[in-house]
Amino acid sequence: MKIVGIVGSNADFSYNRLLLEYIAKKFKKLVEIEVLDIKDVPLFNQSNDQTNSEPIQYLNKKILGADGVIIATPEYNHTIPSALQSVIEWLSFKIHPLDGKPVMIVGASYDVQGSSRSQLHLRQILDAPGVNAVVMPGNEFLLGEVHKAFDEEGNLKDGQTVQFLEVCLKKFIRFINVVNVLNAPEGMKDLSSTEDLHATGKIDTTIEGVDMLADDWVEQAAEKTGAVEGKTYVKLDRGILTVDQLNYFLNSMPAELTYADSNNQFLYYNHKYDAEEMLASRRPEQVGSPLANCHPERVYSGVAWVIQQLRTGKQEVVRTHVPTHGPDKFVVHSYQAIRDKEGNYLGINEYVQDIKPIIDWYLEQTGQQLVGGGVDAVSGATSKVDTVSGATVKDN
C-alpha cells in the first residue's frame, strides 16, 4: 500500500514536515509513505490558470497514484495556512485527485491543544463537493508543544505518543481498505474467494515442476518443455512465422499486451519498454507468477470481479480508464476474454492503450470536434464542467 503525505506549510522549516518524515521512517515496514512539499505551488488565481504547471501536476499524479493521503497541517489564526488552502483550490478547480480518496488529517503546533481548530476547518474544506475527499472520522492526531516533542535525530520522544500514532495509522490503513470495498462495483467484494488468484490449481497447459515465483521462470519453463525459439518456424491459423518474427510482431503492437491463463497465472507480456516507461508497469521476473503476486491484496476483489465477468461470459470485454498519467493522455485498460473454438474460457488478454492520439487524429481527419455542456454544482470550488476534458471552471 502506498500513501502520500502532504506538508501543509510552505515554510523552509516545518514541524509538520518533520512529523510526516518521522511517520514515513518509523512505520516503513507497515506502509510506504512519500512526503510531498507544497513550497513551489503558486497562489490560486482562476484568472491565471496554472493547472498544467509542473508543481500542480506533480501533486495531481502523486495523489492519483496513491491509495490514501495524509495531510499534516499547522494552525495559523485558528485555521489552515493560506498555502494549503491554495493547494486545495488548485486540486478542486480543473482536476480532482482527492475525489473519493481516503484522507487522514494530522497536525503539529506550538500550542498545547495542537492544531485542533485548523484540523476541524480542514475537514470541512475536504468535505466540500468540489473536493469530495473521504476523510477518516475521529482518530485525530494532535501534536501540541511540538518544539519540545522531537529529539535531535527527529524522533518523537514520548512513547505513548508514538503508540497512539501507530494506532491511528493502522486504523487509517483499514479505513482505506473499507473505502475501496465501498467504491467497488456491486458484488465485487464477495468474489475474492471465488477466484483462485494464487493459481494453486492445474490446467492442461500448466508447466509443472517449475516454481511459479522464480525470477527466471521463463528460462526454467522453456528448458522443461523444450520450447522453440529464434528462427524456428511456428504454424499459426493462417500464417507461418518464426519465433523471432512473432516477438517482433507482438512488440510492434500499439498497446501493452498481457496474457493470463484460465488458472490465473501470468504467462506473457510484450516486453518492449522498461517498467518505469510503461503505462501499466510489468517486470520480466513477474512472468510465471500467480495473479495474486502481480497485484496488491487490497485489489484482489476487483481482480476477481473482472475475471468472473469474463469467465462466466457476463461481459466479453471489461474496460476502465486509469487517470494517473496526466492530462495529455487518456489511458484505457481493456480486459478481453480469450476463448477456444468451442467458446471455453482460456484466459485474459489485457491490452493497455493511450487512446488520445487516435481520438485527436480522428477529429483532425473528419473536422469534427467534441463539445460539452455546463453543469452547475450545488456548492464548493467548482461550478461548471466541460464534459470533454472533465475540466471545471469557477464563476466569479
# chains A, B, ... in the order shown; residues from 1 in each chain; ligands from 1
>>> residues_around(residues="Leu20 (chain A)", least_positions_apart="5", cutoff="9 Å", atoms="only C-alpha atoms", output="short mmCIF file (atom, residue, chain, number, x, y, z; two decimals) with N, CA, C and O atoms, in the first residue's frame")
data_model
loop_
_atom_site.label_atom_id
_atom_site.label_comp_id
_atom_site.auth_asym_id
_atom_site.auth_seq_id
_atom_site.Cartn_x
_atom_site.Cartn_y
_atom_site.Cartn_z
N GLY A 5 2.09 11.80 1.87
CA GLY A 5 1.91 12.74 2.95
C GLY A 5 2.15 14.15 2.43
O GLY A 5 3.21 14.42 1.87
N ILE A 6 1.19 15.03 2.61
CA ILE A 6 1.30 16.40 2.12
C ILE A 6 1.62 17.33 3.28
O ILE A 6 0.86 17.40 4.26
N VAL A 7 2.73 18.04 3.17
CA VAL A 7 3.12 19.02 4.18
C VAL A 7 2.27 20.27 3.99
O VAL A 7 2.30 20.89 2.93
N TYR A 15 7.64 21.81 11.29
CA TYR A 15 7.49 20.66 12.19
C TYR A 15 6.51 19.64 11.61
O TYR A 15 6.60 18.45 11.91
N LYS A 25 9.45 7.16 8.22
CA LYS A 25 10.62 6.41 8.66
C LYS A 25 10.26 5.34 9.70
O LYS A 25 10.69 4.19 9.60
N ILE A 33 5.23 5.49 2.60
CA ILE A 33 4.75 6.87 2.64
C ILE A 33 5.76 7.78 1.95
O ILE A 33 6.94 7.77 2.29
N GLU A 34 5.29 8.54 0.98
CA GLU A 34 6.13 9.53 0.29
C GLU A 34 5.68 10.92 0.71
O GLU A 34 4.51 11.28 0.58
N VAL A 35 6.62 11.72 1.21
CA VAL A 35 6.31 13.06 1.71
C VAL A 35 6.43 14.07 0.57
O VAL A 35 7.44 14.12 -0.13
N ILE A 70 -2.22 11.50 3.63
CA ILE A 70 -2.15 12.10 4.96
C ILE A 70 -1.78 13.56 4.80
O ILE A 70 -0.78 13.87 4.14
N ILE A 71 -2.57 14.45 5.37
CA ILE A 71 -2.28 15.87 5.32
C ILE A 71 -1.90 16.34 6.71
O ILE A 71 -2.65 16.13 7.67
N ALA A 72 -0.73 16.94 6.84
CA ALA A 72 -0.25 17.46 8.12
C ALA A 72 -0.36 18.98 8.09
O ALA A 72 0.31 19.64 7.29
N VAL A 106 -3.51 14.97 10.22
CA VAL A 106 -2.69 15.08 11.42
C VAL A 106 -2.21 16.53 11.49
O VAL A 106 -2.37 17.30 10.55
#
>>> select_by_dssp(residues="region 284-355 of chain A", states="strand (DSSP E or B)", output="MDAnalysis selection string")
chainID A and resid 290 317:321 331:339 345:354
>>> residues_around(residues="Asn344 (chain A)", least_positions_apart="3", cutoff="10 Å", atoms="only C-alpha atoms", output="ChimeraX atom specification")
/A:262,311-313,337-341,347
>>> write_last_selection(atoms="N, CA, C and O atoms", output="short mmCIF file (atom, residue, chain, number, x, y, z; two decimals), in the first residue's frame")
data_model
loop_
_atom_site.label_atom_id
_atom_site.label_comp_id
_atom_site.auth_asym_id
_atom_site.auth_seq_id
_atom_site.Cartn_x
_atom_site.Cartn_y
_atom_site.Cartn_z
N SER A 262 -6.39 -19.39 -17.81
CA SER A 262 -7.61 -19.63 -17.04
C SER A 262 -7.32 -20.10 -15.62
O SER A 262 -8.22 -20.14 -14.78
N ARG A 311 -14.96 -14.91 -17.34
CA ARG A 311 -15.05 -16.37 -17.26
C ARG A 311 -16.49 -16.84 -17.49
O ARG A 311 -16.73 -17.82 -18.18
N THR A 312 -17.45 -16.13 -16.87
CA THR A 312 -18.86 -16.53 -16.96
C THR A 312 -19.55 -16.01 -18.22
O THR A 312 -20.69 -16.39 -18.50
N GLY A 313 -18.88 -15.13 -18.96
CA GLY A 313 -19.48 -14.59 -20.17
C GLY A 313 -20.44 -13.45 -19.95
O GLY A 313 -21.13 -13.01 -20.88
N ALA A 337 -11.78 -11.42 -22.91
CA ALA A 337 -11.80 -12.86 -22.69
C ALA A 337 -11.16 -13.58 -23.87
O ALA A 337 -11.41 -13.24 -25.02
N ILE A 338 -10.33 -14.58 -23.58
CA ILE A 338 -9.75 -15.45 -24.61
C ILE A 338 -10.52 -16.78 -24.56
O ILE A 338 -10.65 -17.38 -23.48
N ARG A 339 -11.01 -17.23 -25.70
CA ARG A 339 -11.80 -18.47 -25.75
C ARG A 339 -11.33 -19.35 -26.91
O ARG A 339 -10.79 -18.85 -27.90
N ASP A 340 -11.56 -20.66 -26.78
CA ASP A 340 -11.24 -21.57 -27.89
C ASP A 340 -12.41 -21.60 -28.86
O ASP A 340 -13.39 -20.86 -28.72
N LYS A 341 -12.35 -22.48 -29.86
CA LYS A 341 -13.38 -22.52 -30.91
C LYS A 341 -14.74 -22.94 -30.37
O LYS A 341 -15.78 -22.62 -30.96
N GLY A 347 -8.55 -17.62 -20.72
CA GLY A 347 -7.76 -16.62 -20.00
C GLY A 347 -8.11 -15.21 -20.43
O GLY A 347 -9.17 -14.97 -21.01
#
>>> select_by_dssp(residues="region 88-180 of chain A", states="alpha helix (DSSP H)", output="tab-separated table (two decimals) with C-alpha atoms, in the first residue's frame")
chain	number	residue	atom	x	y	z
A	88	ILE	CA	-6.71	22.51	-2.29
A	89	GLU	CA	-8.19	25.22	-4.52
A	90	TRP	CA	-5.98	24.08	-7.41
A	116	SER	CA	-7.28	21.16	16.67
A	117	ARG	CA	-9.08	24.16	15.15
A	118	SER	CA	-7.22	24.04	11.84
A	119	GLN	CA	-7.85	20.28	11.57
A	120	LEU	CA	-11.56	20.83	12.11
A	121	HIS	CA	-11.58	23.52	9.42
A	122	LEU	CA	-9.62	21.28	7.06
A	123	ARG	CA	-12.22	18.53	7.49
A	124	GLN	CA	-14.93	20.95	6.38
A	125	ILE	CA	-12.92	22.02	3.34
A	126	LEU	CA	-12.15	18.44	2.26
A	159	GLY	CA	6.48	6.55	23.86
A	160	GLN	CA	2.71	6.87	24.41
A	161	THR	CA	2.52	9.44	21.61
A	162	VAL	CA	4.30	7.02	19.28
A	163	GLN	CA	1.92	4.21	20.26
A	164	PHE	CA	-1.15	6.37	19.63
A	165	LEU	CA	0.26	7.47	16.28
A	166	GLU	CA	0.74	3.82	15.29
A	167	VAL	CA	-2.85	3.02	16.27
A	168	CYS	CA	-4.12	5.92	14.15
A	169	LEU	CA	-2.04	4.84	11.16
A	170	LYS	CA	-3.20	1.21	11.37
A	171	LYS	CA	-6.81	2.37	11.56
A	172	PHE	CA	-6.23	4.54	8.50
A	173	ILE	CA	-4.91	1.54	6.57
A	174	ARG	CA	-8.08	-0.38	7.48
A	175	PHE	CA	-10.13	2.69	6.55
A	176	ILE	CA	-8.53	2.73	3.09
A	177	ASN	CA	-9.49	-0.91	2.59
A	178	VAL	CA	-13.08	-0.19	3.65
A	179	VAL	CA	-13.33	2.74	1.21
A	180	ASN	CA	-12.02	0.51	-1.59
>>> decode(residues="region 82-102 of chain A", atoms="N, CA, C and O atoms", output="mmCIF file, in the first residue's frame")
data_model
loop_
_atom_site.group_PDB
_atom_site.id
_atom_site.type_symbol
_atom_site.label_atom_id
_atom_site.label_comp_id
_atom_site.auth_asym_id
_atom_site.auth_seq_id
_atom_site.Cartn_x
_atom_site.Cartn_y
_atom_site.Cartn_z
ATOM 1 N N SER A 82 -2.624 29.643 4.424
ATOM 2 C CA SER A 82 -3.132 30.044 3.109
ATOM 3 C C SER A 82 -2.501 29.210 1.997
ATOM 4 O O SER A 82 -3.123 28.955 0.959
ATOM 5 N N ALA A 83 -1.255 28.761 2.195
ATOM 6 C CA ALA A 83 -0.585 27.937 1.179
ATOM 7 C C ALA A 83 -1.320 26.613 0.977
ATOM 8 O O ALA A 83 -1.493 26.151 -0.155
ATOM 9 N N LEU A 84 -1.765 25.993 2.081
ATOM 10 C CA LEU A 84 -2.505 24.735 1.979
ATOM 11 C C LEU A 84 -3.879 24.964 1.358
ATOM 12 O O LEU A 84 -4.340 24.174 0.532
ATOM 13 N N GLN A 85 -4.526 26.059 1.749
ATOM 14 C CA GLN A 85 -5.824 26.401 1.159
ATOM 15 C C GLN A 85 -5.681 26.582 -0.354
ATOM 16 O O GLN A 85 -6.518 26.113 -1.141
ATOM 17 N N SER A 86 -4.606 27.219 -0.771
ATOM 18 C CA SER A 86 -4.377 27.448 -2.192
ATOM 19 C C SER A 86 -4.178 26.137 -2.947
ATOM 20 O O SER A 86 -4.687 25.963 -4.057
ATOM 21 N N VAL A 87 -3.449 25.206 -2.346
ATOM 22 C CA VAL A 87 -3.227 23.899 -2.965
ATOM 23 C C VAL A 87 -4.560 23.181 -3.182
ATOM 24 O O VAL A 87 -4.822 22.626 -4.264
ATOM 25 N N ILE A 88 -5.414 23.190 -2.170
ATOM 26 C CA ILE A 88 -6.708 22.511 -2.292
ATOM 27 C C ILE A 88 -7.576 23.191 -3.338
ATOM 28 O O ILE A 88 -8.341 22.542 -4.061
ATOM 29 N N GLU A 89 -7.466 24.512 -3.455
ATOM 30 C CA GLU A 89 -8.191 25.215 -4.516
ATOM 31 C C GLU A 89 -7.765 24.706 -5.894
ATOM 32 O O GLU A 89 -8.599 24.441 -6.763
ATOM 33 N N TRP A 90 -6.460 24.581 -6.110
ATOM 34 C CA TRP A 90 -5.980 24.076 -7.408
ATOM 35 C C TRP A 90 -6.461 22.649 -7.644
ATOM 36 O O TRP A 90 -6.786 22.272 -8.769
ATOM 37 N N LEU A 91 -6.486 21.844 -6.583
ATOM 38 C CA LEU A 91 -6.855 20.433 -6.709
ATOM 39 C C LEU A 91 -8.360 20.223 -6.732
ATOM 40 O O LEU A 91 -8.831 19.083 -6.652
ATOM 41 N N SER A 92 -9.122 21.309 -6.830
ATOM 42 C CA SER A 92 -10.572 21.186 -6.955
ATOM 43 C C SER A 92 -11.107 22.166 -7.998
ATOM 44 O O SER A 92 -12.286 22.498 -8.011
ATOM 45 N N PHE A 93 -10.205 22.613 -8.873
ATOM 46 C CA PHE A 93 -10.567 23.601 -9.893
ATOM 47 C C PHE A 93 -10.841 22.901 -11.223
ATOM 48 O O PHE A 93 -11.986 22.762 -11.635
ATOM 49 N N LYS A 94 -9.819 22.400 -11.861
ATOM 50 C CA LYS A 94 -9.988 21.655 -13.113
ATOM 51 C C LYS A 94 -9.579 20.193 -12.992
ATOM 52 O O LYS A 94 -9.828 19.395 -13.896
ATOM 53 N N ILE A 95 -8.925 19.863 -11.922
ATOM 54 C CA ILE A 95 -8.539 18.480 -11.638
ATOM 55 C C ILE A 95 -9.070 18.131 -10.255
ATOM 56 O O ILE A 95 -9.222 18.998 -9.396
ATOM 57 N N HIS A 96 -9.342 16.853 -10.024
ATOM 58 C CA HIS A 96 -9.987 16.449 -8.769
ATOM 59 C C HIS A 96 -9.356 15.157 -8.223
ATOM 60 O O HIS A 96 -10.046 14.151 -8.048
ATOM 61 N N PRO A 97 -8.067 15.152 -7.952
ATOM 62 C CA PRO A 97 -7.429 13.912 -7.493
ATOM 63 C C PRO A 97 -7.890 13.456 -6.118
ATOM 64 O O PRO A 97 -7.740 12.279 -5.779
ATOM 65 N N LEU A 98 -8.441 14.358 -5.308
ATOM 66 C CA LEU A 98 -8.893 13.988 -3.965
ATOM 67 C C LEU A 98 -10.312 13.430 -3.956
ATOM 68 O O LEU A 98 -10.780 12.966 -2.920
ATOM 69 N N ASP A 99 -10.986 13.472 -5.086
ATOM 70 C CA ASP A 99 -12.353 12.975 -5.170
ATOM 71 C C ASP A 99 -12.387 11.475 -4.873
ATOM 72 O O ASP A 99 -11.818 10.668 -5.595
ATOM 73 N N GLY A 100 -13.060 11.102 -3.772
ATOM 74 C CA GLY A 100 -13.158 9.708 -3.380
ATOM 75 C C GLY A 100 -11.914 9.135 -2.739
ATOM 76 O O GLY A 100 -11.859 7.939 -2.430
ATOM 77 N N LYS A 101 -10.892 9.957 -2.521
ATOM 78 C CA LYS A 101 -9.617 9.484 -1.977
ATOM 79 C C LYS A 101 -9.664 9.477 -0.445
ATOM 80 O O LYS A 101 -10.030 10.461 0.175
ATOM 81 N N PRO A 102 -9.283 8.365 0.201
ATOM 82 C CA PRO A 102 -9.222 8.338 1.669
ATOM 83 C C PRO A 102 -8.147 9.296 2.185
ATOM 84 O O PRO A 102 -7.020 9.292 1.691
#
